[in-house]
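Below: one structure, written as structure tokens.
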Amino acid sequence: MQNRIMTHMGDGERIYMSREEIAEEIARGTNDAAERAEIPALTQKEQDKLLEIFCEPGRIVSVSPGEEVVVSDDACSMSYYADQENSGMGLPMCRPVSILNWERVACGDTCCMGHTDFSYKPAKSIINYETNEYYTNSQSTTIPMFYGSQPNMGLYYRPDGPFDNPSELLPLGKIEEAKQAQLDAAGQLQDDLMFVAGELNKVGCEGMNFDTSGSAGDADMMASLKAVKEIKKVAPNMYIELGMASEFVLGMHGSVEFEGTRLAGLYPHQLVKLAEAAGVDIFGPTVNVNTSESTPWNLSRSVTMVKATAEVANIPIHPNVGMGVCGVPMYEVPPIGAVTRCSKALVQIGKADGL
Amino acid sequence: MGSAMGGIRTAGDLVAWMQLSKKMKINDAKKHVAEKLGVDVIDLTDEEKMRELREEKNIGTIISLIGAAKGIQAKCRIAELLDIEINSVNLFKSNMKGLI
């Protein structure tokens with residue numbers, strides 16, 4: 001293994017590469033991002049810097065003192081008590097204790113609570129329970145506390161919801177019916193997001209996290225952005241973080257717009273401008289991970305897209321660094337060496353304002 | 001967390017409040033907080049300095065100080081220190097109207 005550097009595949013498997021091989025992966029990754037998103041590739045100096053991060057001998061790496069960033073969260077307190085589906089550890093802990101543990105033991109910069117299903121639709125039906133508990137928790141926390149969930153428009157389609165399922169209509173060639181079903185679902189989703197926000201605002205909610213927005217496609221993202229715009233009109237002091245679901249907005253509908261811009265196919269550096277227009281306070285760019293490629297390749301792609309987003313953003317950006325996004329391997333126990341290298345590179349080269 | 005500010009262990013929550021309330025990029029947010037605390041930006045992640053400063057300002061510490069401000073009390077002081085609006089603080093003050 002002499003002169004071989006330990007790194008990982010996108011699925012978390014340990015691999016060993018030479019310095020030259022890692023440099024090649026970095027070059028391939030940034031060029032792929034540049035081609036797909038039509039943005040500049042990393043400069044040779046930036047690629048060299050990324051190479052040095054991968055070649056650092058320590059198992060764990062970090063930024064230099066003074067370069068630390070804010071780390072916001074999407075209900076990390078759930079990790080204590082939830083099950084495998086939520087990457088949880090199944091501890092017999094209640095939400096209030098989990099949240100305070102996140103604040104005072106894990107020392108997060110923000111904390112968050114949300115419905116266990118982590119979608120706004122089920123939160124709506126138990127909103128009194130949720131607002132009551134949010135209010136109680138907000139009296140005991142010191143760091144900013146979000147109420148977080150996913151817009152998750154997929155829950156509005158049959159069999160889980162009232163609207164026809166586009167995934168069933170499209171294979172039948174019922175294109176217009178599929179598009180109409182998405183518009184109908186988007187209207188209901190927007191109403192529900194605004195309803196939940198209105199109730200949370202009544203109990204002094206400090207912020208909302210629109211996690212994994214656009215997971216059901218462009219109509220999902222449209223509903224989320226429209227809801228944010230309306231929420232900010234009535235609750236300007238309830239701050240909103242909006243994160244993406246994938247590296248570009250999926251065109252499940254194909255033609256829906258926000259503020260005159262078609263949403264389908266927008267990459268983070270384009271979507272952030274619409275997020276700003278909607279009134280979003282913190283934007284979370286996401287870049288997909290290819291499990292068949294190496295972490296140097298995946299992280300190079302991610303840093304390229306995040307850097308392009310940071311350069312045009314007028315609001316802080318916190319790239320998503322959960323498993324399977326922004327270079328972090330797609331594995332439920334992400335290798336710490338890969339995670340910390342992703343964090344360092346996204347801050348130092350990608351110029352992220354947080355993670 | 002290796003590249004994180006450290007929450008109430010240092011000044012991570014204060015910088016987060018500035019990003020949320022004023023949409024500040026990281027360097028602007030740090031500069032604002034440092035000015036309000038009267039320290040240099042590099043000090044914001046200095047555990048020794050921030051532990052003492054947080055107790056002095058009574059804005060919540062990682063260690064449980066009996067009788068010191070915690071939770072909503074600390075947030076009231078943070079909103080005033082940073083000159084920002086915090087929704088929960090506004091509601092708390094509204095509920096305490098006439099008493100404080």
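Just so we're on the same page: first chain in the structure tokens is A, next is B, and so on; residues restart at 1 for each chain, and ligands are numbered from 1 in the order they show up.
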Inset, instruction - Skip segment 59-67 of chain B itself and residues of its chain fewer than 4 positions away, then list as a PyMOL selection string all residues within 6 Å of it, counting only C-alpha atoms. - result: (chain A and resi 104) or (chain B and resi 8-9+54+74)
Write out the residues from the selection above, keeping C-alpha atoms, as a PDB file, in the first residue's frame.
```pdb
ATOM      1  CA  ARG A 104     -25.968  20.913  24.668  1.00  0.00           C
TER       2      ARG A 104
ATOM      3  CA  ILE B   8     -23.417  27.318  22.477  1.00  0.00           C
ATOM      4  CA  ARG B   9     -20.042  25.730  23.174  1.00  0.00           C
ATOM      5  CA  ARG B  54     -21.268  33.803  27.451  1.00  0.00           C
ATOM      6  CA  ALA B  74     -31.120  33.553  27.018  1.00  0.00           C
TER       7      ALA B  74
END
```
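Close contacts of segment 33-43 of chain B, defined as residues with an atom at most 10 Å away when counting only C-alpha atoms, with chain neighbours fewer than 4 positions off set aside, comprise Pro65, Gly66, Glu67 and Glu68 of chain A; Thr10, Ala11, Gly12, Leu14, Val15, Ala16, Trp17, Met18, Asn27, Asp28, Ala29, Glu47, Glu48, Lys49, Met50, Leu53, Arg54, Lys57, Leu81, Leu82 and Asp83 of chain B.
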For those residues, write N, CA and C atoms to a file as an mmCIF file, in the first residue's frame.
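The resulting file, part.cif, is shown below:
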```cif
data_model
loop_
_atom_site.group_PDB
_atom_site.id
_atom_site.type_symbol
_atom_site.label_atom_id
_atom_site.label_comp_id
_atom_site.auth_asym_id
_atom_site.auth_seq_id
_atom_site.Cartn_x
_atom_site.Cartn_y
_atom_site.Cartn_z
ATOM 1 N N PRO A 65 -8.525 27.161 11.998
ATOM 2 C CA PRO A 65 -9.228 28.028 12.947
ATOM 3 C C PRO A 65 -9.622 29.346 12.276
ATOM 4 N N GLY A 66 -10.854 29.746 12.488
ATOM 5 C CA GLY A 66 -11.355 30.977 11.860
ATOM 6 C C GLY A 66 -12.171 30.710 10.608
ATOM 7 N N GLU A 67 -12.044 29.494 10.065
ATOM 8 C CA GLU A 67 -12.799 29.155 8.845
ATOM 9 C C GLU A 67 -14.068 28.346 9.147
ATOM 10 N N GLU A 68 -14.341 28.098 10.410
ATOM 11 C CA GLU A 68 -15.494 27.261 10.757
ATOM 12 C C GLU A 68 -16.787 27.885 10.232
ATOM 13 N N THR B 10 -19.455 27.608 21.768
ATOM 14 C CA THR B 10 -18.692 28.811 21.398
ATOM 15 C C THR B 10 -19.701 29.898 21.009
ATOM 16 N N ALA B 11 -19.736 30.254 19.714
ATOM 17 C CA ALA B 11 -20.670 31.303 19.282
ATOM 18 C C ALA B 11 -21.443 30.881 18.038
ATOM 19 N N GLY B 12 -21.559 29.558 17.821
ATOM 20 C CA GLY B 12 -22.205 29.068 16.606
ATOM 21 C C GLY B 12 -23.650 29.491 16.476
ATOM 22 N N LEU B 14 -25.035 32.156 17.689
ATOM 23 C CA LEU B 14 -25.133 33.601 17.437
ATOM 24 C C LEU B 14 -24.912 33.895 15.953
ATOM 25 N N VAL B 15 -23.940 33.211 15.360
ATOM 26 C CA VAL B 15 -23.680 33.406 13.925
ATOM 27 C C VAL B 15 -24.857 32.856 13.108
ATOM 28 N N ALA B 16 -25.415 31.730 13.559
ATOM 29 C CA ALA B 16 -26.583 31.166 12.870
ATOM 30 C C ALA B 16 -27.762 32.139 12.916
ATOM 31 N N TRP B 17 -27.954 32.790 14.070
ATOM 32 C CA TRP B 17 -29.052 33.762 14.166
ATOM 33 C C TRP B 17 -28.876 34.873 13.132
ATOM 34 N N MET B 18 -27.647 35.311 12.916
ATOM 35 C CA MET B 18 -27.421 36.405 11.949
ATOM 36 C C MET B 18 -27.664 35.936 10.522
ATOM 37 N N ASN B 27 -18.962 35.293 6.490
ATOM 38 C CA ASN B 27 -17.973 36.253 6.997
ATOM 39 C C ASN B 27 -18.639 37.499 7.573
ATOM 40 N N ASP B 28 -19.712 37.955 6.936
ATOM 41 C CA ASP B 28 -20.447 39.124 7.454
ATOM 42 C C ASP B 28 -21.106 38.792 8.790
ATOM 43 N N ALA B 29 -21.674 37.596 8.881
ATOM 44 C CA ALA B 29 -22.341 37.185 10.117
ATOM 45 C C ALA B 29 -21.348 37.108 11.267
ATOM 46 N N GLU B 47 -12.988 28.366 22.735
ATOM 47 C CA GLU B 47 -13.821 27.856 23.830
ATOM 48 C C GLU B 47 -13.568 28.592 25.137
ATOM 49 N N GLU B 48 -12.298 28.880 25.416
ATOM 50 C CA GLU B 48 -11.960 29.515 26.701
ATOM 51 C C GLU B 48 -12.541 30.915 26.767
ATOM 52 N N LYS B 49 -12.397 31.679 25.696
ATOM 53 C CA LYS B 49 -12.921 33.050 25.698
ATOM 54 C C LYS B 49 -14.448 33.076 25.678
ATOM 55 N N MET B 50 -15.017 32.225 24.836
ATOM 56 C CA MET B 50 -16.481 32.267 24.685
ATOM 57 C C MET B 50 -17.192 31.724 25.924
ATOM 58 N N LEU B 53 -17.215 34.667 28.202
ATOM 59 C CA LEU B 53 -18.016 35.754 27.650
ATOM 60 C C LEU B 53 -19.508 35.432 27.693
ATOM 61 N N ARG B 54 -19.844 34.185 27.425
ATOM 62 C CA ARG B 54 -21.268 33.803 27.451
ATOM 63 C C ARG B 54 -21.823 33.907 28.868
ATOM 64 N N LYS B 57 -22.174 37.715 29.575
ATOM 65 C CA LYS B 57 -23.332 38.298 28.877
ATOM 66 C C LYS B 57 -24.643 37.632 29.289
ATOM 67 N N LEU B 81 -28.847 41.641 22.275
ATOM 68 C CA LEU B 81 -27.412 41.768 22.001
ATOM 69 C C LEU B 81 -27.132 41.934 20.512
ATOM 70 N N LEU B 82 -27.789 41.102 19.694
ATOM 71 C CA LEU B 82 -27.518 41.103 18.253
ATOM 72 C C LEU B 82 -28.408 42.079 17.483
ATOM 73 N N ASP B 83 -29.400 42.644 18.170
ATOM 74 C CA ASP B 83 -30.349 43.571 17.554
ATOM 75 C C ASP B 83 -31.118 42.891 16.410
#
```
Inset, instruction - Would you mind reading off the distance between atom CA of Val272 of chain A and atom CA of Met305 of chain A, one decimal, in Å? - result: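 So the answer is 11.8 Å.
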Inset, instruction - Tell me which protein, DNA and RNA residues are within 9 Å of Asp13 of chain B, counting only C-alpha atoms, leaving out same-chain ones fewer than 6 positions away, and put them as a list in words. - result: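 With the cut-off at 9 Å, the set is Val70, Gly108, Asp109, Thr110, Thr142, Ile143 and Pro144 of chain A; Met5, Gly6 and Gly7 of chain B.
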Any chance you could export the current selection's N, CA, C and O atoms as a compact mmCIF listing (two decimals), in the first residue's frame?
```txt
# COMPACT_ATOMS: atom_id res chain seq x y z
N VAL A 70 -21.34 27.64 10.10
CA VAL A 70 -22.56 27.24 10.79
C VAL A 70 -23.02 25.89 10.22
O VAL A 70 -22.97 25.67 9.01
N GLY A 108 -24.87 21.41 18.23
CA GLY A 108 -25.29 21.90 16.92
C GLY A 108 -25.48 23.41 16.95
O GLY A 108 -25.73 24.00 18.01
N ASP A 109 -25.38 24.02 15.79
CA ASP A 109 -25.58 25.47 15.71
C ASP A 109 -27.06 25.82 15.58
O ASP A 109 -27.46 26.95 15.87
N THR A 110 -27.86 24.89 15.09
CA THR A 110 -29.32 25.03 15.08
C THR A 110 -29.89 23.69 15.53
O THR A 110 -29.19 22.67 15.53
N THR A 142 -31.87 27.37 23.36
CA THR A 142 -31.19 28.66 23.18
C THR A 142 -30.80 28.88 21.72
O THR A 142 -30.85 30.00 21.22
N ILE A 143 -30.41 27.81 21.04
CA ILE A 143 -30.01 27.94 19.63
C ILE A 143 -31.26 28.02 18.75
O ILE A 143 -32.36 27.64 19.18
N PRO A 144 -31.15 28.54 17.51
CA PRO A 144 -32.33 28.64 16.64
C PRO A 144 -32.99 27.27 16.45
O PRO A 144 -32.30 26.28 16.18
N MET B 5 -19.02 25.46 13.92
CA MET B 5 -18.66 26.50 14.88
C MET B 5 -18.79 26.02 16.32
O MET B 5 -18.08 26.51 17.20
N GLY B 6 -19.74 25.12 16.58
CA GLY B 6 -19.80 24.56 17.93
C GLY B 6 -20.97 25.00 18.78
O GLY B 6 -20.98 24.79 20.00
N GLY B 7 -21.99 25.61 18.17
CA GLY B 7 -23.20 25.97 18.91
C GLY B 7 -22.91 26.81 20.14
O GLY B 7 -22.04 27.69 20.12
```
Inset, instruction - Give the alpha helix (DSSP H) residues of segment 45-178 of chain A, as assigned by DSSP on the backbone, as a ChimeraX atom specification. - result: /A:45-55,78-81,95-104,120-125,127-140,166-169,175-178
Could you write those residues out with N, CA and C atoms, as a short mmCIF file (atom, residue, chain, number, x, y, z; two decimals), in the first residue's frame?
```cif
data_model
loop_
_atom_site.label_atom_id
_atom_site.label_comp_id
_atom_site.auth_asym_id
_atom_site.auth_seq_id
_atom_site.Cartn_x
_atom_site.Cartn_y
_atom_site.Cartn_z
N LYS A 45 -5.57 25.36 -9.76
CA LYS A 45 -5.19 25.63 -8.37
C LYS A 45 -6.21 25.03 -7.40
N GLU A 46 -7.48 25.14 -7.75
CA GLU A 46 -8.53 24.58 -6.89
C GLU A 46 -8.49 23.05 -6.91
N GLN A 47 -8.21 22.48 -8.07
CA GLN A 47 -8.08 21.02 -8.15
C GLN A 47 -6.90 20.54 -7.32
N ASP A 48 -5.81 21.31 -7.35
CA ASP A 48 -4.64 20.95 -6.56
C ASP A 48 -4.96 21.01 -5.06
N LYS A 49 -5.74 22.02 -4.68
CA LYS A 49 -6.14 22.17 -3.28
C LYS A 49 -6.99 20.97 -2.84
N LEU A 50 -7.92 20.57 -3.72
CA LEU A 50 -8.78 19.42 -3.41
C LEU A 50 -7.93 18.14 -3.30
N LEU A 51 -6.93 18.03 -4.16
CA LEU A 51 -6.03 16.87 -4.12
C LEU A 51 -5.30 16.83 -2.77
N GLU A 52 -4.86 17.99 -2.30
CA GLU A 52 -4.16 18.04 -1.01
C GLU A 52 -5.07 17.60 0.13
N ILE A 53 -6.35 17.97 0.05
CA ILE A 53 -7.30 17.56 1.09
C ILE A 53 -7.42 16.04 1.12
N PHE A 54 -7.49 15.42 -0.06
CA PHE A 54 -7.58 13.95 -0.10
C PHE A 54 -6.28 13.30 0.37
N CYS A 55 -5.16 13.98 0.16
CA CYS A 55 -3.87 13.38 0.51
C CYS A 55 -3.44 13.67 1.95
N MET A 78 -33.92 13.75 15.73
CA MET A 78 -34.65 12.50 15.43
C MET A 78 -33.71 11.31 15.37
N SER A 79 -32.44 11.58 15.09
CA SER A 79 -31.47 10.49 14.99
C SER A 79 -31.37 9.72 16.30
N TYR A 80 -31.66 10.37 17.41
CA TYR A 80 -31.56 9.70 18.69
C TYR A 80 -32.63 8.62 18.86
N TYR A 81 -33.87 8.98 18.50
CA TYR A 81 -34.97 8.08 18.86
C TYR A 81 -35.60 7.34 17.69
N ARG A 95 -38.80 13.62 22.28
CA ARG A 95 -38.32 14.73 21.44
C ARG A 95 -37.67 15.86 22.25
N PRO A 96 -38.30 16.33 23.33
CA PRO A 96 -37.67 17.44 24.06
C PRO A 96 -36.25 17.13 24.54
N VAL A 97 -36.05 15.92 25.05
CA VAL A 97 -34.71 15.55 25.55
C VAL A 97 -33.73 15.42 24.37
N SER A 98 -34.23 14.87 23.26
CA SER A 98 -33.37 14.72 22.08
C SER A 98 -32.91 16.08 21.57
N ILE A 99 -33.84 17.02 21.55
CA ILE A 99 -33.51 18.35 21.03
C ILE A 99 -32.47 19.03 21.93
N LEU A 100 -32.68 18.95 23.24
CA LEU A 100 -31.72 19.58 24.16
C LEU A 100 -30.38 18.85 24.13
N ASN A 101 -30.41 17.54 23.89
CA ASN A 101 -29.17 16.79 23.74
C ASN A 101 -28.40 17.30 22.53
N TRP A 102 -29.14 17.55 21.44
CA TRP A 102 -28.49 18.05 20.22
C TRP A 102 -27.87 19.43 20.49
N GLU A 103 -28.57 20.24 21.29
CA GLU A 103 -28.07 21.59 21.58
C GLU A 103 -26.86 21.56 22.52
N ARG A 104 -26.95 20.78 23.59
CA ARG A 104 -25.97 20.91 24.67
C ARG A 104 -24.95 19.78 24.77
N TYR A 120 -44.88 17.40 5.61
CA TYR A 120 -45.83 18.38 6.13
C TYR A 120 -47.28 17.88 6.09
N LYS A 121 -47.59 16.99 5.14
CA LYS A 121 -48.98 16.52 5.03
C LYS A 121 -49.45 15.83 6.31
N PRO A 122 -48.71 14.85 6.84
CA PRO A 122 -49.17 14.25 8.10
C PRO A 122 -49.08 15.20 9.28
N ALA A 123 -48.18 16.18 9.21
CA ALA A 123 -48.07 17.16 10.31
C ALA A 123 -49.35 17.98 10.41
N LYS A 124 -49.97 18.23 9.26
CA LYS A 124 -51.18 19.07 9.24
C LYS A 124 -52.29 18.48 10.11
N SER A 125 -52.45 17.15 10.03
CA SER A 125 -53.57 16.53 10.73
C SER A 125 -53.37 16.48 12.25
N ILE A 127 -51.64 19.09 13.85
CA ILE A 127 -50.92 20.36 14.01
C ILE A 127 -50.99 20.89 15.44
N ASN A 128 -52.10 20.67 16.13
CA ASN A 128 -52.17 21.17 17.51
C ASN A 128 -51.12 20.50 18.40
N TYR A 129 -50.94 19.19 18.19
CA TYR A 129 -49.93 18.45 18.96
C TYR A 129 -48.54 18.99 18.64
N GLU A 130 -48.30 19.25 17.36
CA GLU A 130 -46.98 19.72 16.93
C GLU A 130 -46.70 21.14 17.42
N THR A 131 -47.69 22.03 17.29
CA THR A 131 -47.45 23.41 17.73
C THR A 131 -47.29 23.48 19.25
N ASN A 132 -48.06 22.65 19.95
CA ASN A 132 -47.94 22.63 21.41
C ASN A 132 -46.53 22.21 21.82
N GLU A 133 -46.03 21.17 21.16
CA GLU A 133 -44.69 20.69 21.54
C GLU A 133 -43.61 21.65 21.07
N TYR A 134 -43.82 22.27 19.90
CA TYR A 134 -42.83 23.26 19.45
C TYR A 134 -42.73 24.39 20.47
N TYR A 135 -43.91 24.85 20.91
CA TYR A 135 -43.94 25.97 21.86
C TYR A 135 -43.20 25.60 23.15
N THR A 136 -43.47 24.41 23.65
CA THR A 136 -42.80 23.96 24.88
C THR A 136 -41.29 23.92 24.68
N ASN A 137 -40.86 23.33 23.56
CA ASN A 137 -39.43 23.21 23.31
C ASN A 137 -38.76 24.56 23.10
N SER A 138 -39.48 25.49 22.48
CA SER A 138 -38.86 26.80 22.21
C SER A 138 -38.60 27.57 23.50
N GLN A 139 -39.26 27.18 24.58
CA GLN A 139 -38.99 27.85 25.86
C GLN A 139 -37.68 27.36 26.49
N SER A 140 -37.24 26.17 26.10
CA SER A 140 -36.06 25.60 26.75
C SER A 140 -34.79 25.63 25.89
N PRO A 166 -49.40 10.47 -11.19
CA PRO A 166 -48.74 10.66 -12.49
C PRO A 166 -47.87 9.47 -12.89
N SER A 167 -47.32 8.78 -11.91
CA SER A 167 -46.47 7.63 -12.24
C SER A 167 -47.27 6.49 -12.86
N GLU A 168 -48.57 6.49 -12.63
CA GLU A 168 -49.43 5.50 -13.28
C GLU A 168 -49.99 6.03 -14.59
N LEU A 169 -50.22 7.36 -14.64
CA LEU A 169 -50.81 7.96 -15.85
C LEU A 169 -49.80 8.05 -17.00
N ILE A 175 -50.59 12.06 -20.81
CA ILE A 175 -49.67 13.14 -20.46
C ILE A 175 -50.41 14.32 -19.83
N GLU A 176 -51.45 14.78 -20.47
CA GLU A 176 -52.17 15.95 -19.95
C GLU A 176 -52.80 15.66 -18.60
N GLU A 177 -53.33 14.45 -18.44
CA GLU A 177 -53.93 14.07 -17.16
C GLU A 177 -52.86 14.05 -16.05
N ALA A 178 -51.68 13.56 -16.40
CA ALA A 178 -50.58 13.51 -15.43
C ALA A 178 -50.15 14.91 -15.03
#
```
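The coordinates place atom CA of Phe283 of chain A at 24.2 Å from atom CA of Glu332 of chain A.
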Name all residues at most 9 Å from Cys76 of chain B (count only C-alpha atoms; drop same-chain ones fewer than 5 positions away) and give them as a tab-separated table (two decimals) with N, CA and C atoms, in the first residue's frame.
```tsv
chain	number	residue	atom	x	y	z
B	59	ILE	N	-25.96	34.70	28.28
B	59	ILE	CA	-26.70	34.29	27.07
B	59	ILE	C	-26.71	32.77	26.90
B	71	GLY	N	-32.50	28.91	27.76
B	71	GLY	CA	-33.69	28.87	26.91
B	71	GLY	C	-34.20	30.23	26.52
B	81	LEU	N	-28.85	41.64	22.28
B	81	LEU	CA	-27.41	41.77	22.00
B	81	LEU	C	-27.13	41.93	20.51
B	86	ILE	N	-36.57	37.76	17.03
B	86	ILE	CA	-36.74	36.32	17.20
B	86	ILE	C	-38.22	36.09	17.55
B	88	SER	N	-40.03	33.69	18.81
B	88	SER	CA	-40.39	33.15	20.13
B	88	SER	C	-40.19	34.19	21.22
B	89	VAL	N	-39.19	35.02	21.05
B	89	VAL	CA	-38.93	36.09	22.01
B	89	VAL	C	-40.04	37.13	21.96
B	90	ASN	N	-40.46	37.46	20.76
B	90	ASN	CA	-41.55	38.44	20.62
B	90	ASN	C	-42.83	37.93	21.29
B	92	PHE	N	-42.99	35.70	23.73
B	92	PHE	CA	-42.74	35.68	25.18
B	92	PHE	C	-42.93	37.07	25.78
B	93	LYS	N	-42.38	38.06	25.14
B	93	LYS	CA	-42.51	39.44	25.64
B	93	LYS	C	-43.96	39.89	25.61
```
Inset, instruction - Just the residues within 8 Å of Phe248 of chain A, please, counting only C-alpha atoms, with nothing from its chain fewer than 6 positions along; format it as a PyMOL selection string. - result: chain A and resi 264-268
Legend entry - Minimum-distance residue to Ala106 of chain A, chosen among A:Val339, A:Val71, A:Ala181, A:Leu91 (using only C-alpha atoms): A:Val71
Inset, instruction - Can you work out which one of B:Leu44, B:Ala68, B:Leu99, B:Ile26 has the shortest atom-to-atom distance to chain A, counting only C-alpha atoms? - result: B:Ile26
Inset, instruction - May I ask which of the residues A:Asp220, A:Glu241, A:Glu206, A:Asp32 is the closest one to chain B, counting only C-alpha atoms? - result: A:Glu206
Legend entry - Minimum-distance residue to chain A, chosen among B:Glu80, B:Asn87, B:Asn58, B:Lys22 (using only C-alpha atoms):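 Ranked by minimum distance to chain A, first place goes to B:Asn87.
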Legend entry - Non-local contacts of segment 284-294 of chain A (8 Å; only C-alpha atoms; under 6 positions in same chain excluded) as a ChimeraX atom specification: /A:7-11,25,241-247,268,272,301-302,305-306,309,317-320,324-330
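Reported to one decimal place, the separation of atom CA of Thr295 of chain A from atom CA of Ile22 of chain A is 9.3 Å.
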Inset, instruction - For Gly2 of chain B, please output as a list in words all residues within 9 Å (counting only C-alpha atoms; exclusion window: fewer than 6 positions along the same chain). - result: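 Residues near the query, excluding close chain neighbours: Ile60, Val61, Ser62, Val63, Glu68, Thr340, Ser343 and Lys344 of chain A.
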Written file, previous selection with all heavy atoms, as a PDB file, in the first residue's frame:
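This is the output file part08.pdb:
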```pdb
ATOM      1  N   ILE A  60      -9.210  12.062  10.020  1.00  0.00           N
ATOM      2  CA  ILE A  60     -10.199  13.138  10.040  1.00  0.00           C
ATOM      3  C   ILE A  60      -9.504  14.445   9.696  1.00  0.00           C
ATOM      4  O   ILE A  60      -8.398  14.704  10.180  1.00  0.00           O
ATOM      5  CB  ILE A  60     -10.854  13.231  11.438  1.00  0.00           C
ATOM      6  CG1 ILE A  60     -11.690  11.979  11.705  1.00  0.00           C
ATOM      7  CG2 ILE A  60     -11.705  14.478  11.577  1.00  0.00           C
ATOM      8  CD1 ILE A  60     -12.210  11.870  13.121  1.00  0.00           C
ATOM      9  N   VAL A  61     -10.123  15.265   8.889  1.00  0.00           N
ATOM     10  CA  VAL A  61      -9.526  16.556   8.533  1.00  0.00           C
ATOM     11  C   VAL A  61     -10.525  17.656   8.880  1.00  0.00           C
ATOM     12  O   VAL A  61     -11.701  17.399   9.141  1.00  0.00           O
ATOM     13  CB  VAL A  61      -9.153  16.629   7.033  1.00  0.00           C
ATOM     14  CG1 VAL A  61      -8.232  15.490   6.662  1.00  0.00           C
ATOM     15  CG2 VAL A  61     -10.400  16.633   6.154  1.00  0.00           C
ATOM     16  N   SER A  62     -10.053  18.895   8.885  1.00  0.00           N
ATOM     17  CA  SER A  62     -10.939  20.008   9.224  1.00  0.00           C
ATOM     18  C   SER A  62     -10.407  21.294   8.624  1.00  0.00           C
ATOM     19  O   SER A  62      -9.289  21.339   8.119  1.00  0.00           O
ATOM     20  CB  SER A  62     -11.048  20.147  10.745  1.00  0.00           C
ATOM     21  OG  SER A  62     -11.904  21.212  11.082  1.00  0.00           O
ATOM     22  N   VAL A  63     -11.229  22.341   8.709  1.00  0.00           N
ATOM     23  CA  VAL A  63     -10.795  23.657   8.254  1.00  0.00           C
ATOM     24  C   VAL A  63      -9.841  24.246   9.287  1.00  0.00           C
ATOM     25  O   VAL A  63      -9.727  23.748  10.410  1.00  0.00           O
ATOM     26  CB  VAL A  63     -12.008  24.599   8.055  1.00  0.00           C
ATOM     27  CG1 VAL A  63     -12.928  24.057   6.974  1.00  0.00           C
ATOM     28  CG2 VAL A  63     -12.763  24.791   9.365  1.00  0.00           C
ATOM     29  N   GLU A  68     -14.341  28.098  10.410  1.00  0.00           N
ATOM     30  CA  GLU A  68     -15.494  27.261  10.757  1.00  0.00           C
ATOM     31  C   GLU A  68     -16.787  27.885  10.232  1.00  0.00           C
ATOM     32  O   GLU A  68     -16.896  29.100  10.087  1.00  0.00           O
ATOM     33  CB  GLU A  68     -15.599  27.091  12.279  1.00  0.00           C
ATOM     34  CG  GLU A  68     -14.368  26.501  12.940  1.00  0.00           C
ATOM     35  CD  GLU A  68     -13.393  27.561  13.410  1.00  0.00           C
ATOM     36  OE1 GLU A  68     -13.491  28.715  12.947  1.00  0.00           O
ATOM     37  OE2 GLU A  68     -12.524  27.252  14.232  1.00  0.00           O
ATOM     38  N   THR A 340     -15.538  14.287   6.535  1.00  0.00           N
ATOM     39  CA  THR A 340     -14.782  15.483   6.918  1.00  0.00           C
ATOM     40  C   THR A 340     -14.054  16.100   5.727  1.00  0.00           C
ATOM     41  O   THR A 340     -13.888  17.325   5.668  1.00  0.00           O
ATOM     42  CB  THR A 340     -13.783  15.165   8.049  1.00  0.00           C
ATOM     43  OG1 THR A 340     -12.927  14.089   7.644  1.00  0.00           O
ATOM     44  CG2 THR A 340     -14.513  14.759   9.321  1.00  0.00           C
ATOM     45  N   SER A 343     -16.695  18.158   3.970  1.00  0.00           N
ATOM     46  CA  SER A 343     -16.972  19.408   4.687  1.00  0.00           C
ATOM     47  C   SER A 343     -15.877  20.435   4.406  1.00  0.00           C
ATOM     48  O   SER A 343     -16.149  21.591   4.091  1.00  0.00           O
ATOM     49  CB  SER A 343     -17.057  19.142   6.193  1.00  0.00           C
ATOM     50  OG  SER A 343     -18.089  18.234   6.478  1.00  0.00           O
ATOM     51  N   LYS A 344     -14.649  19.999   4.554  1.00  0.00           N
ATOM     52  CA  LYS A 344     -13.520  20.927   4.371  1.00  0.00           C
ATOM     53  C   LYS A 344     -13.487  21.497   2.951  1.00  0.00           C
ATOM     54  O   LYS A 344     -13.324  22.702   2.756  1.00  0.00           O
ATOM     55  CB  LYS A 344     -12.205  20.203   4.679  1.00  0.00           C
ATOM     56  CG  LYS A 344     -10.973  21.092   4.531  1.00  0.00           C
ATOM     57  CD  LYS A 344      -9.720  20.418   5.064  1.00  0.00           C
ATOM     58  CE  LYS A 344      -8.538  21.380   4.978  1.00  0.00           C
ATOM     59  NZ  LYS A 344      -7.329  20.854   5.613  1.00  0.00           N
TER      60      LYS A 344
END
```
